[in-house]
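Source file: data29.txt. Holds: compact mmCIF, C-alpha atoms and all ligand atoms.
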# COMPACT_ATOMS: atom_id res chain seq x y z
CA MET A 1 -62.88 6.91 33.71
CA PRO A 2 -63.28 10.16 31.72
CA TYR A 3 -66.40 10.86 29.68
CA ALA A 4 -66.24 11.82 25.99
CA HIS A 5 -68.21 15.04 25.43
CA ILE A 6 -69.14 16.55 22.06
CA THR A 7 -67.95 20.11 22.57
CA GLY A 8 -67.62 21.47 19.03
CA TRP A 9 -69.52 21.08 15.77
CA GLY A 10 -69.32 22.48 12.28
CA MET A 11 -70.50 21.86 8.74
CA SER A 12 -69.63 22.92 5.23
CA VAL A 13 -71.62 22.45 2.04
CA PRO A 14 -70.85 23.67 -1.49
CA GLU A 15 -72.69 26.79 -2.65
CA LYS A 16 -73.92 25.21 -5.88
CA ILE A 17 -77.50 23.90 -5.63
CA LEU A 18 -78.90 21.25 -7.98
CA THR A 19 -82.71 21.17 -7.82
CA ASN A 20 -85.06 18.39 -8.89
CA ASP A 21 -86.10 20.56 -11.83
CA ASP A 22 -82.43 20.86 -12.85
CA LEU A 23 -82.18 17.06 -12.74
CA SER A 24 -85.29 16.65 -14.89
CA LYS A 25 -83.33 18.34 -17.67
CA ILE A 26 -80.56 15.70 -17.40
CA VAL A 27 -82.50 12.43 -16.87
CA GLU A 28 -86.09 11.30 -17.29
CA THR A 29 -87.46 12.28 -13.91
CA ASN A 30 -89.53 15.02 -12.30
CA ASP A 31 -89.76 17.03 -9.10
CA GLN A 32 -92.97 15.35 -7.97
CA TRP A 33 -91.58 11.80 -8.30
CA ILE A 34 -88.36 12.66 -6.44
CA ARG A 35 -90.18 14.52 -3.64
CA GLU A 36 -92.79 11.81 -3.15
CA ARG A 37 -90.42 8.82 -3.34
CA THR A 38 -87.47 10.33 -1.43
CA GLY A 39 -88.37 13.68 0.20
CA ILE A 40 -85.44 15.36 -1.55
CA ARG A 41 -85.90 18.79 -3.19
CA GLU A 42 -82.31 19.81 -3.87
CA ARG A 43 -78.71 18.85 -3.16
CA ARG A 44 -75.31 20.61 -3.11
CA ILE A 45 -72.63 19.89 -5.71
CA ALA A 46 -68.91 20.57 -5.22
CA LYS A 47 -67.30 22.93 -7.71
CA ASP A 48 -63.95 22.26 -9.38
CA GLY A 49 -61.19 22.25 -6.78
CA GLN A 50 -63.60 21.60 -3.89
CA THR A 51 -62.80 18.16 -2.47
CA SER A 52 -63.64 15.97 0.52
CA ALA A 53 -60.52 17.35 2.24
CA SER A 54 -61.31 21.02 1.56
CA LEU A 55 -64.93 20.67 2.73
CA GLY A 56 -63.64 18.70 5.74
CA VAL A 57 -61.17 21.47 6.64
CA GLU A 58 -63.99 24.08 6.64
CA ALA A 59 -66.19 21.92 8.88
CA ALA A 60 -63.26 21.06 11.18
CA LEU A 61 -62.24 24.69 11.73
CA LYS A 62 -65.83 25.65 12.56
CA ALA A 63 -66.04 22.76 15.07
CA LEU A 64 -62.75 23.83 16.67
CA GLN A 65 -64.00 27.41 16.90
CA VAL A 66 -67.18 26.30 18.71
CA ALA A 67 -65.11 24.16 21.11
CA ASN A 68 -62.62 27.03 21.42
CA LEU A 69 -59.82 24.52 20.99
CA ARG A 70 -56.58 25.08 19.10
CA PRO A 71 -55.73 22.53 16.38
CA THR A 72 -52.43 21.96 18.19
CA ASP A 73 -54.43 20.61 21.17
CA LEU A 74 -55.84 17.74 19.10
CA ASP A 75 -54.52 14.24 19.82
CA LEU A 76 -56.45 12.40 17.11
CA ILE A 77 -58.23 13.08 13.81
CA ILE A 78 -60.52 10.47 12.29
CA CYS A 79 -61.91 11.24 8.86
CA SER A 80 -64.84 9.15 7.73
CA THR A 81 -65.21 9.21 3.95
CA SER A 82 -65.98 6.97 0.98
CA THR A 83 -64.72 9.63 -1.45
CA PRO A 84 -61.19 10.39 -0.25
CA ASP A 85 -59.02 12.83 -2.19
CA TYR A 86 -56.56 9.97 -2.76
CA ILE A 87 -56.35 6.25 -1.92
CA PHE A 88 -53.42 7.45 0.16
CA PRO A 89 -52.33 9.70 1.82
CA ALA A 90 -55.40 9.65 4.04
CA THR A 91 -57.79 12.58 3.77
CA ALA A 92 -57.42 12.85 7.57
CA CYS A 93 -53.72 13.68 7.02
CA LEU A 94 -54.60 16.36 4.44
CA ILE A 95 -56.97 17.90 6.98
CA GLN A 96 -54.34 17.55 9.77
CA ASP A 97 -51.82 19.44 7.64
CA GLN A 98 -54.20 22.18 6.50
CA ILE A 99 -55.48 23.00 9.98
CA GLY A 100 -52.02 22.64 11.57
CA ALA A 101 -52.88 19.88 14.07
CA THR A 102 -49.22 19.12 14.62
CA LYS A 103 -49.63 16.73 17.56
CA ALA A 104 -52.49 14.64 16.21
CA GLY A 105 -52.48 11.12 14.81
CA ALA A 106 -54.73 10.94 11.76
CA PHE A 107 -56.43 8.18 9.80
CA ASP A 108 -59.38 7.53 7.50
CA LEU A 109 -62.25 5.22 8.25
CA LEU A 110 -64.53 3.75 5.58
CA ALA A 111 -67.90 2.51 6.71
CA ALA A 112 -69.89 4.42 4.06
CA CYS A 113 -73.01 6.18 5.37
CA SER A 114 -72.58 4.61 8.86
CA GLY A 115 -69.03 5.97 9.02
CA PHE A 116 -69.67 9.00 11.21
CA ILE A 117 -71.22 6.79 13.89
CA TYR A 118 -68.25 4.40 13.74
CA ALA A 119 -65.74 7.29 13.82
CA THR A 120 -67.43 9.12 16.70
CA ASN A 121 -67.54 5.86 18.63
CA MET A 122 -63.83 5.18 17.98
CA ALA A 123 -62.86 8.69 19.13
CA ALA A 124 -65.09 8.41 22.21
CA GLN A 125 -63.56 5.02 23.09
CA ALA A 126 -60.02 6.45 22.82
CA ILE A 127 -61.01 9.29 25.16
CA ARG A 128 -62.79 6.98 27.60
CA SER A 129 -59.76 4.68 27.75
CA GLY A 130 -57.69 7.67 28.92
CA SER A 131 -55.22 7.42 26.02
CA ILE A 132 -56.22 10.78 24.47
CA LYS A 133 -57.98 13.97 25.56
CA ASN A 134 -59.09 15.80 22.42
CA ALA A 135 -60.31 14.34 19.13
CA LEU A 136 -61.68 15.66 15.87
CA VAL A 137 -64.10 13.54 13.85
CA VAL A 138 -64.87 14.60 10.29
CA GLY A 139 -67.46 13.10 7.95
CA THR A 140 -66.96 14.37 4.41
CA GLU A 141 -68.06 13.36 0.92
CA THR A 142 -67.98 14.49 -2.69
CA LEU A 143 -70.21 11.71 -4.03
CA SER A 144 -71.30 13.82 -7.01
CA ARG A 145 -67.96 12.95 -8.62
CA PHE A 146 -68.96 9.25 -8.65
CA VAL A 147 -72.59 9.57 -9.65
CA ASN A 148 -73.73 8.31 -13.04
CA TRP A 149 -75.70 11.32 -14.30
CA LYS A 150 -77.50 8.99 -16.76
CA ASP A 151 -78.85 6.73 -13.98
CA ARG A 152 -82.05 8.19 -12.53
CA ASN A 153 -82.12 5.54 -9.77
CA THR A 154 -79.02 7.01 -8.13
CA CYS A 155 -78.25 10.51 -9.45
CA ILE A 156 -81.32 12.00 -7.78
CA LEU A 157 -80.22 10.86 -4.32
CA PHE A 158 -76.71 12.05 -3.57
CA GLY A 159 -75.12 15.37 -2.64
CA ASP A 160 -71.83 16.73 -1.30
CA GLY A 161 -70.94 18.12 2.12
CA ALA A 162 -69.03 17.74 5.37
CA GLY A 163 -69.68 17.81 9.10
CA ALA A 164 -67.35 17.63 12.08
CA PHE A 165 -67.39 17.10 15.85
CA VAL A 166 -64.77 17.91 18.46
CA LEU A 167 -64.80 15.40 21.32
CA GLN A 168 -63.11 16.18 24.65
CA ALA A 169 -62.44 14.33 27.88
CA SER A 170 -64.14 15.49 31.07
CA GLU A 171 -64.79 13.90 34.46
CA LYS A 172 -68.34 15.30 34.34
CA ALA A 173 -70.88 12.63 33.37
CA GLY A 174 -72.37 12.98 29.87
CA GLY A 175 -71.37 12.88 26.24
CA VAL A 176 -71.26 9.59 24.33
CA TYR A 177 -72.88 6.83 26.41
CA SER A 178 -72.94 3.87 24.05
CA ALA A 179 -72.73 2.73 20.45
CA VAL A 180 -73.39 -0.36 18.39
CA MET A 181 -71.70 -1.16 15.07
CA HIS A 182 -72.78 -3.90 12.66
CA SER A 183 -71.87 -5.20 9.22
CA ASP A 184 -72.93 -7.79 6.66
CA GLY A 185 -70.49 -8.04 3.75
CA SER A 186 -72.74 -10.52 1.96
CA GLY A 187 -74.72 -7.47 0.84
CA GLY A 188 -71.69 -5.62 -0.47
CA ASP A 189 -72.91 -5.76 -4.06
CA LEU A 190 -76.16 -3.95 -3.23
CA LEU A 191 -74.45 -0.57 -3.08
CA ALA A 192 -70.96 -0.31 -4.54
CA LEU A 193 -68.37 1.82 -6.26
CA SER A 194 -66.20 -0.98 -7.55
CA ALA A 195 -63.59 0.48 -9.92
CA GLY A 196 -60.25 1.73 -8.62
CA GLY A 197 -59.39 -0.95 -6.07
CA GLN A 198 -57.44 -4.17 -6.69
CA GLY A 199 -60.65 -6.11 -7.35
CA HIS A 200 -61.40 -3.92 -10.35
CA PRO A 201 -58.36 -1.73 -11.16
CA PHE A 202 -58.73 1.42 -13.21
CA SER A 203 -58.06 0.88 -16.92
CA GLU A 204 -59.20 2.26 -20.23
CA ALA A 205 -61.99 -0.32 -20.07
CA THR A 206 -63.22 0.73 -16.62
CA ALA A 207 -63.37 4.32 -17.85
CA GLN A 208 -66.17 3.17 -20.20
CA GLU A 209 -67.94 0.87 -17.71
CA ASN A 210 -70.46 1.53 -14.99
CA GLY A 211 -68.02 0.29 -12.32
CA ARG A 212 -66.55 3.76 -11.96
CA PHE A 213 -69.96 5.00 -10.79
CA ILE A 214 -72.10 4.28 -7.74
CA GLU A 215 -74.29 1.24 -8.46
CA MET A 216 -77.23 0.38 -6.26
CA ASP A 217 -80.09 -2.03 -5.86
CA GLY A 218 -82.39 0.62 -4.41
CA LYS A 219 -85.20 -1.70 -3.37
CA GLU A 220 -82.92 -4.09 -1.48
CA VAL A 221 -81.07 -1.24 0.26
CA PHE A 222 -84.46 0.22 1.20
CA ARG A 223 -85.61 -3.11 2.65
CA PHE A 224 -82.35 -3.53 4.62
CA ALA A 225 -82.53 0.06 5.93
CA THR A 226 -86.08 -0.20 7.22
CA ARG A 227 -85.15 -3.45 8.99
CA VAL A 228 -82.08 -2.15 10.84
CA MET A 229 -82.80 1.48 11.79
CA ALA A 230 -85.22 0.84 14.66
CA GLN A 231 -83.32 -2.26 15.76
CA ALA A 232 -79.93 -0.45 16.04
CA THR A 233 -81.52 2.51 17.86
CA LEU A 234 -82.99 0.22 20.51
CA GLU A 235 -79.71 -1.71 20.87
CA ALA A 236 -77.71 1.48 21.50
CA LEU A 237 -80.29 2.70 24.01
CA ASP A 238 -80.28 -0.65 25.77
CA ALA A 239 -76.46 -0.58 26.01
CA ALA A 240 -76.70 2.91 27.57
CA GLY A 241 -79.42 1.82 30.01
CA MET A 242 -81.81 4.32 28.39
CA THR A 243 -85.27 3.97 26.88
CA ILE A 244 -86.72 5.49 23.72
CA GLU A 245 -89.18 7.51 25.81
CA THR A 246 -86.34 9.41 27.55
CA ILE A 247 -84.74 10.42 24.23
CA ASN A 248 -85.35 13.98 23.02
CA TRP A 249 -84.08 13.57 19.44
CA ILE A 250 -83.24 10.91 16.90
CA VAL A 251 -80.81 11.98 14.16
CA PRO A 252 -81.11 9.41 11.34
CA HIS A 253 -78.98 9.04 8.23
CA GLN A 254 -80.62 11.34 5.67
CA ALA A 255 -81.23 8.91 2.79
CA ASN A 256 -84.97 8.82 2.15
CA ILE A 257 -87.90 10.29 4.12
CA ARG A 258 -89.80 7.00 3.71
CA ILE A 259 -86.97 5.12 5.47
CA ILE A 260 -87.10 7.61 8.35
CA GLU A 261 -90.90 7.31 8.53
CA ALA A 262 -90.56 3.51 8.66
CA ALA A 263 -88.06 3.87 11.55
CA ALA A 264 -90.51 6.17 13.36
CA ARG A 265 -93.26 3.58 12.96
CA GLY A 266 -90.92 0.79 14.11
CA LEU A 267 -89.97 2.76 17.21
CA LYS A 268 -93.55 4.01 17.76
CA GLN A 269 -92.21 7.56 17.96
CA PRO A 270 -93.61 10.74 16.35
CA MET A 271 -91.81 12.16 13.31
CA GLU A 272 -91.35 15.42 15.30
CA LYS A 273 -88.64 13.62 17.28
CA PHE A 274 -86.59 13.00 14.12
CA ILE A 275 -84.18 15.60 12.76
CA VAL A 276 -84.72 15.78 8.99
CA ASN A 277 -82.96 18.02 6.47
CA LEU A 278 -82.60 15.69 3.48
CA ASP A 279 -84.99 17.92 1.50
CA ARG A 280 -82.16 20.48 1.14
CA TYR A 281 -79.02 18.31 0.95
CA GLY A 282 -80.08 14.87 -0.31
CA ASN A 283 -77.98 11.94 0.87
CA THR A 284 -74.48 13.18 1.77
CA SER A 285 -73.50 9.71 3.04
CA THR A 286 -71.26 9.90 6.13
CA ALA A 287 -71.71 13.69 6.32
CA SER A 288 -75.50 13.54 6.57
CA ILE A 289 -75.74 12.89 10.32
CA PRO A 290 -73.28 15.59 11.48
CA ILE A 291 -74.81 18.13 9.07
CA ALA A 292 -78.26 17.34 10.52
CA VAL A 293 -76.88 17.66 14.06
CA VAL A 294 -75.24 21.03 13.35
CA GLU A 295 -78.45 22.43 11.85
CA ALA A 296 -80.50 21.10 14.78
CA VAL A 297 -78.19 22.89 17.23
CA GLU A 298 -78.22 26.10 15.20
CA LYS A 299 -82.04 26.03 15.03
CA GLY A 300 -82.20 25.64 18.83
CA GLN A 301 -83.69 22.12 18.60
CA LEU A 302 -80.82 20.11 20.13
CA LYS A 303 -79.88 21.77 23.42
CA SER A 304 -77.43 21.17 26.24
CA GLY A 305 -78.67 18.27 28.39
CA ASP A 306 -80.81 16.74 25.59
CA LYS A 307 -80.44 13.02 25.05
CA PHE A 308 -80.27 11.83 21.46
CA VAL A 309 -79.46 8.90 19.19
CA MET A 310 -77.64 9.03 15.85
CA VAL A 311 -78.51 6.05 13.64
CA GLY A 312 -77.34 5.12 10.17
CA PHE A 313 -76.91 2.45 7.53
CA GLY A 314 -74.98 2.16 4.33
CA ALA A 315 -72.76 0.32 1.91
CA GLY A 316 -70.80 -2.62 3.20
CA LEU A 317 -73.41 -3.35 4.36
CA THR A 318 -72.88 -1.45 7.60
CA TRP A 319 -75.21 -0.01 10.20
CA GLY A 320 -74.98 1.37 13.70
CA ALA A 321 -76.30 3.74 16.33
CA LEU A 322 -74.85 5.91 19.06
CA ALA A 323 -76.61 7.24 22.18
CA ALA A 324 -75.36 10.45 23.77
CA GLU A 325 -76.18 13.52 25.82
CA TRP A 326 -75.56 16.87 24.14
CA THR A 327 -73.03 18.92 26.07
CA GLY A 328 -71.94 22.10 24.32
CA PRO A 329 -68.54 23.74 24.69
CA LEU A 330 -66.53 23.12 27.87
CA PRO A 331 -65.21 26.19 29.73
CA SER A 332 -61.92 27.23 28.13
CA LYS A 333 -59.34 29.98 28.21
CA GLY A 334 -58.38 32.30 25.37
CA GLN A 335 -59.99 32.62 21.98
CA PHE A 336 -59.44 30.46 18.91
CA TYR A 337 -59.51 32.18 15.52
CA PRO A 338 -59.82 29.63 12.68
CA SER A 339 -58.72 31.98 9.89
CA GLN A 340 -55.47 32.68 11.77
CA TYR A 341 -54.82 28.94 12.19
CA ARG A 342 -55.68 28.24 8.58
CA ALA A 343 -53.04 30.73 7.42
CA LEU A 344 -50.57 29.45 10.01
CA GLY A 345 -51.26 25.86 8.90
CA ARG A 346 -50.45 26.76 5.29
CA VAL A 347 -47.20 28.50 6.27
CA ARG A 348 -46.20 25.63 8.57
CA SER A 349 -46.88 23.08 5.83
CA LEU A 350 -44.79 25.06 3.32
CA VAL A 351 -41.92 25.48 5.81
CA ARG A 352 -41.93 21.73 6.54
CA ARG A 353 -41.78 20.95 2.81
CA ILE A 354 -38.85 23.36 2.33
CA ILE A 355 -36.99 21.88 5.34
CA ARG A 356 -37.59 18.35 4.00
CA PHE A 357 -36.27 19.41 0.58
CA ILE A 358 -33.08 20.95 2.07
CA GLU A 359 -32.56 17.92 4.37
CA GLY A 360 -32.95 15.72 1.30
CA ILE A 361 -30.12 17.51 -0.50
CA ILE A 362 -27.83 17.39 2.58
CA PHE A 363 -28.49 13.72 3.37
CA ARG A 364 -28.13 12.63 -0.27
CA ARG A 365 -24.67 14.23 -0.25
CA GLU A 366 -23.75 12.31 2.92
CA LEU A 367 -24.85 8.91 1.57
O1 LIG A 401 -77.06 5.69 1.99
C1 LIG A 401 -77.76 4.60 1.44
C2 LIG A 401 -78.11 4.97 0.04
N1 LIG A 401 -79.19 4.33 -0.60
C3 LIG A 401 -80.48 4.37 -0.25
O2 LIG A 401 -80.87 4.82 0.80
C4 LIG A 401 -81.45 3.86 -1.26
C5 LIG A 401 -82.68 3.21 -0.69
N2 LIG A 401 -83.68 3.07 -1.74
C6 LIG A 401 -84.48 4.10 -2.11
O3 LIG A 401 -84.41 5.19 -1.56
C7 LIG A 401 -85.52 3.82 -3.19
O4 LIG A 401 -85.50 2.45 -3.50
C8 LIG A 401 -85.28 4.67 -4.46
C9 LIG A 401 -85.58 6.12 -4.17
C10 LIG A 401 -83.89 4.52 -5.00
C11 LIG A 401 -86.28 4.22 -5.53
O5 LIG A 401 -87.60 4.33 -5.06
P1 LIG A 401 -88.63 3.12 -5.21
O6 LIG A 401 -89.88 3.56 -4.62
O7 LIG A 401 -87.97 1.89 -4.67
O8 LIG A 401 -88.79 3.08 -6.77
P2 LIG A 401 -88.57 1.84 -7.76
O9 LIG A 401 -87.13 1.59 -7.97
O10 LIG A 401 -89.46 0.70 -7.34
O11 LIG A 401 -89.18 2.42 -9.09
C12 LIG A 401 -90.60 2.65 -9.25
C13 LIG A 401 -90.83 3.22 -10.63
C14 LIG A 401 -90.17 2.41 -11.72
O12 LIG A 401 -90.97 2.48 -12.87
P3 LIG A 401 -91.91 1.26 -13.26
O13 LIG A 401 -91.00 0.08 -13.47
O14 LIG A 401 -92.85 1.07 -12.10
O15 LIG A 401 -92.59 1.73 -14.53
C15 LIG A 401 -88.88 3.17 -11.99
O16 LIG A 401 -88.40 2.96 -13.30
O17 LIG A 401 -90.27 4.53 -10.71
C16 LIG A 401 -89.33 4.59 -11.78
N3 LIG A 401 -88.24 5.47 -11.38
C17 LIG A 401 -88.28 6.79 -11.57
N4 LIG A 401 -89.19 7.60 -12.13
C18 LIG A 401 -88.92 8.93 -12.15
C19 LIG A 401 -87.09 5.14 -10.76
N5 LIG A 401 -86.34 6.24 -10.54
C20 LIG A 401 -87.06 7.28 -11.04
C21 LIG A 401 -86.84 8.66 -11.12
N6 LIG A 401 -87.79 9.43 -11.67
N7 LIG A 401 -85.72 9.23 -10.63

Mind turning this structure into structure tokens?
Amino acid sequence: MPYAHITGWGMSVPEKILTNDDLSKIVETNDQWIRERTGIRERRIAKDGQTSASLGVEAALKALQVANLRPTDLDLIICSTSTPDYIFPATACLIQDQIGATKAGAFDLLAACSGFIYATNMAAQAIRSGSIKNALVVGTETLSRFVNWKDRNTCILFGDGAGAFVLQASEKAGGVYSAVMHSDGSGGDLLALSAGGQGHPFSEATAQENGRFIEMDGKEVFRFATRVMAQATLEALDAAGMTIETINWIVPHQANIRIIEAAARGLKQPMEKFIVNLDRYGNTSTASIPIAVVEAVEKGQLKSGDKFVMVGFGAGLTWGALAAEWTGPLPSKGQFYPSQYRALGRVRSLVRRIIRFIEGIIFRREL
């Protein structure tokens, strides 16, 4: 049975920074309160035209470059997002088109902030079953578009960004060892963005209501998070036949430093073992774990051969954890240049649209 190795990684965040002081000019809050209660100092905000798909494309191309893999070698793209560009087509298909991954199946997965763990697990399972060889997993969000900038309970927390992994099959032992995924829909109302679906369709009325914004019972989500983080970590380790002592790093969902500290206490592990970067990005939902991983690799913290756990929780309610060994790029031939593929992807997409248009005229005549 092949192993599923993480061989490429990339991230993309908007340039625009929104600090706590900036927020204090919009709502009644202050830098000290936000830092002490959440650990967040600033977050990134997408500019006009920057979307979950465009941030996802940037992260994906960087991950492919690290793996030195052409987009045309991808068999599968899973995009985890709660803020897709459209209800459909899937954001994964927009990314597939823009990077020119012509042989890949593509779909979106929605498990909120736990989504990247779910998606990485799904891709790893497809590789381990032998049905595919190369997969791209993207976690991308533009939550700032759904934040109520009058609600100080939520607007201080969220930011925008994307992260991506390339997963590849190899007979060499390593990569993703185990994962656990959980849900409890009875807590769905604790963290929700309700307008837009069939349960609460968009209308002139919804445009005036809070339903079009993220709504959250912060205290209850906090209580749920502190309960499940340590528990899910231990479950994933148990499934992999590993113990917490043998783990080099824990990469938690970057929601609130106090939740991470509670997980550290629950696991009886020092905070130094936890990768934390929420001070600079806030909570980027499904993108928070891959962004933290990418920065940990770039800083030289997470190294080849290190064992680590990714653990998250979020709306749904969902939670999960994944235990893995960090691999790094597999040996490969040739050199992949993302900018070249980006341009090629655009040309290919345009050519396909033109061909479809011409075929449409011809076939309409024949009917
Ligand atoms: O991906 C999952 C996403 N969600 C989460 O992870 C959320 C989990 N929950 C949390 O992180 C925390 O519950 C929050 C950060 C949202 C809130 O922190 P808290 O320590 O639970 O604060 P609180 O809601 O109990 O509020 C304490 C006080 C209240 O004032 P009073 O009633 O004691 O006078 C709030 O009105 O702080 C006030 N407050 C604020 N003050 C300044 C609430 N938000 C703010 C604010 N600035 N932004």

Once you count all atoms listed in the file, which residues end up no further than 12 Å from (-76.2, 22.7, 6.9) in the file's frame, shown as a PyMOL selection string?
chain A and resi 9-15+43-44+59+160-164+276-282+284+287-299

Around the point (-59.5, 30.6, 11.3) (coordinates from the file), which residues reach within 9 Å if we count all atoms listed in the file? Answer as JSON, numbers by chain.
{"A": [61, 62, 65, 99, 336, 337, 338, 339, 340, 341, 342, 343]}

Between A:Trp149, A:Phe313, A:Phe202, A:Trp326, which residue has the minimum interatomic distance to ligand LIG 401 (chain A), considering all atoms listed in the file?
A:Phe313

Could you list, as an mmCIF file with C-alpha atoms, in the frame of the given file, all the residues within 6 Å of ligand LIG 401 (chain A), counting all atoms listed in the file?
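Result file follows (result.cif):
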data_model
loop_
_atom_site.group_PDB
_atom_site.id
_atom_site.type_symbol
_atom_site.label_atom_id
_atom_site.label_comp_id
_atom_site.auth_asym_id
_atom_site.auth_seq_id
_atom_site.Cartn_x
_atom_site.Cartn_y
_atom_site.Cartn_z
ATOM 1 C CA THR A 29 -87.460 12.280 -13.910
ATOM 2 C CA ASN A 30 -89.530 15.020 -12.300
ATOM 3 C CA TRP A 33 -91.580 11.800 -8.300
ATOM 4 C CA ARG A 37 -90.420 8.820 -3.340
ATOM 5 C CA THR A 38 -87.470 10.330 -1.430
ATOM 6 C CA CYS A 113 -73.010 6.180 5.370
ATOM 7 C CA ARG A 152 -82.050 8.190 -12.530
ATOM 8 C CA ASN A 153 -82.120 5.540 -9.770
ATOM 9 C CA ILE A 156 -81.320 12.000 -7.780
ATOM 10 C CA GLY A 218 -82.390 0.620 -4.410
ATOM 11 C CA LYS A 219 -85.200 -1.700 -3.370
ATOM 12 C CA VAL A 221 -81.070 -1.240 0.260
ATOM 13 C CA PHE A 222 -84.460 0.220 1.200
ATOM 14 C CA ALA A 255 -81.230 8.910 2.790
ATOM 15 C CA ASN A 256 -84.970 8.820 2.150
ATOM 16 C CA SER A 285 -73.500 9.710 3.040
ATOM 17 C CA GLY A 314 -74.980 2.160 4.330
#

Between atom CA of A:Tyr86 and atom CA of A:Gln98, what is the spacing in Å?
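Going from atom CA of A:Gln98 over to atom CA of A:Tyr86 covers 15.5 Å.
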
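If you measure from each of A:Glu58, A:Asp75, A:Asp21, A:Glu272 to A:Ile95 using only C-alpha atoms, the closest one turns out to be A:Glu58.
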
Could you please determine the separation between atom CA of A:Gly8 and atom CA of A:Pro331 in Å, to one decimal place?
11.9 Å
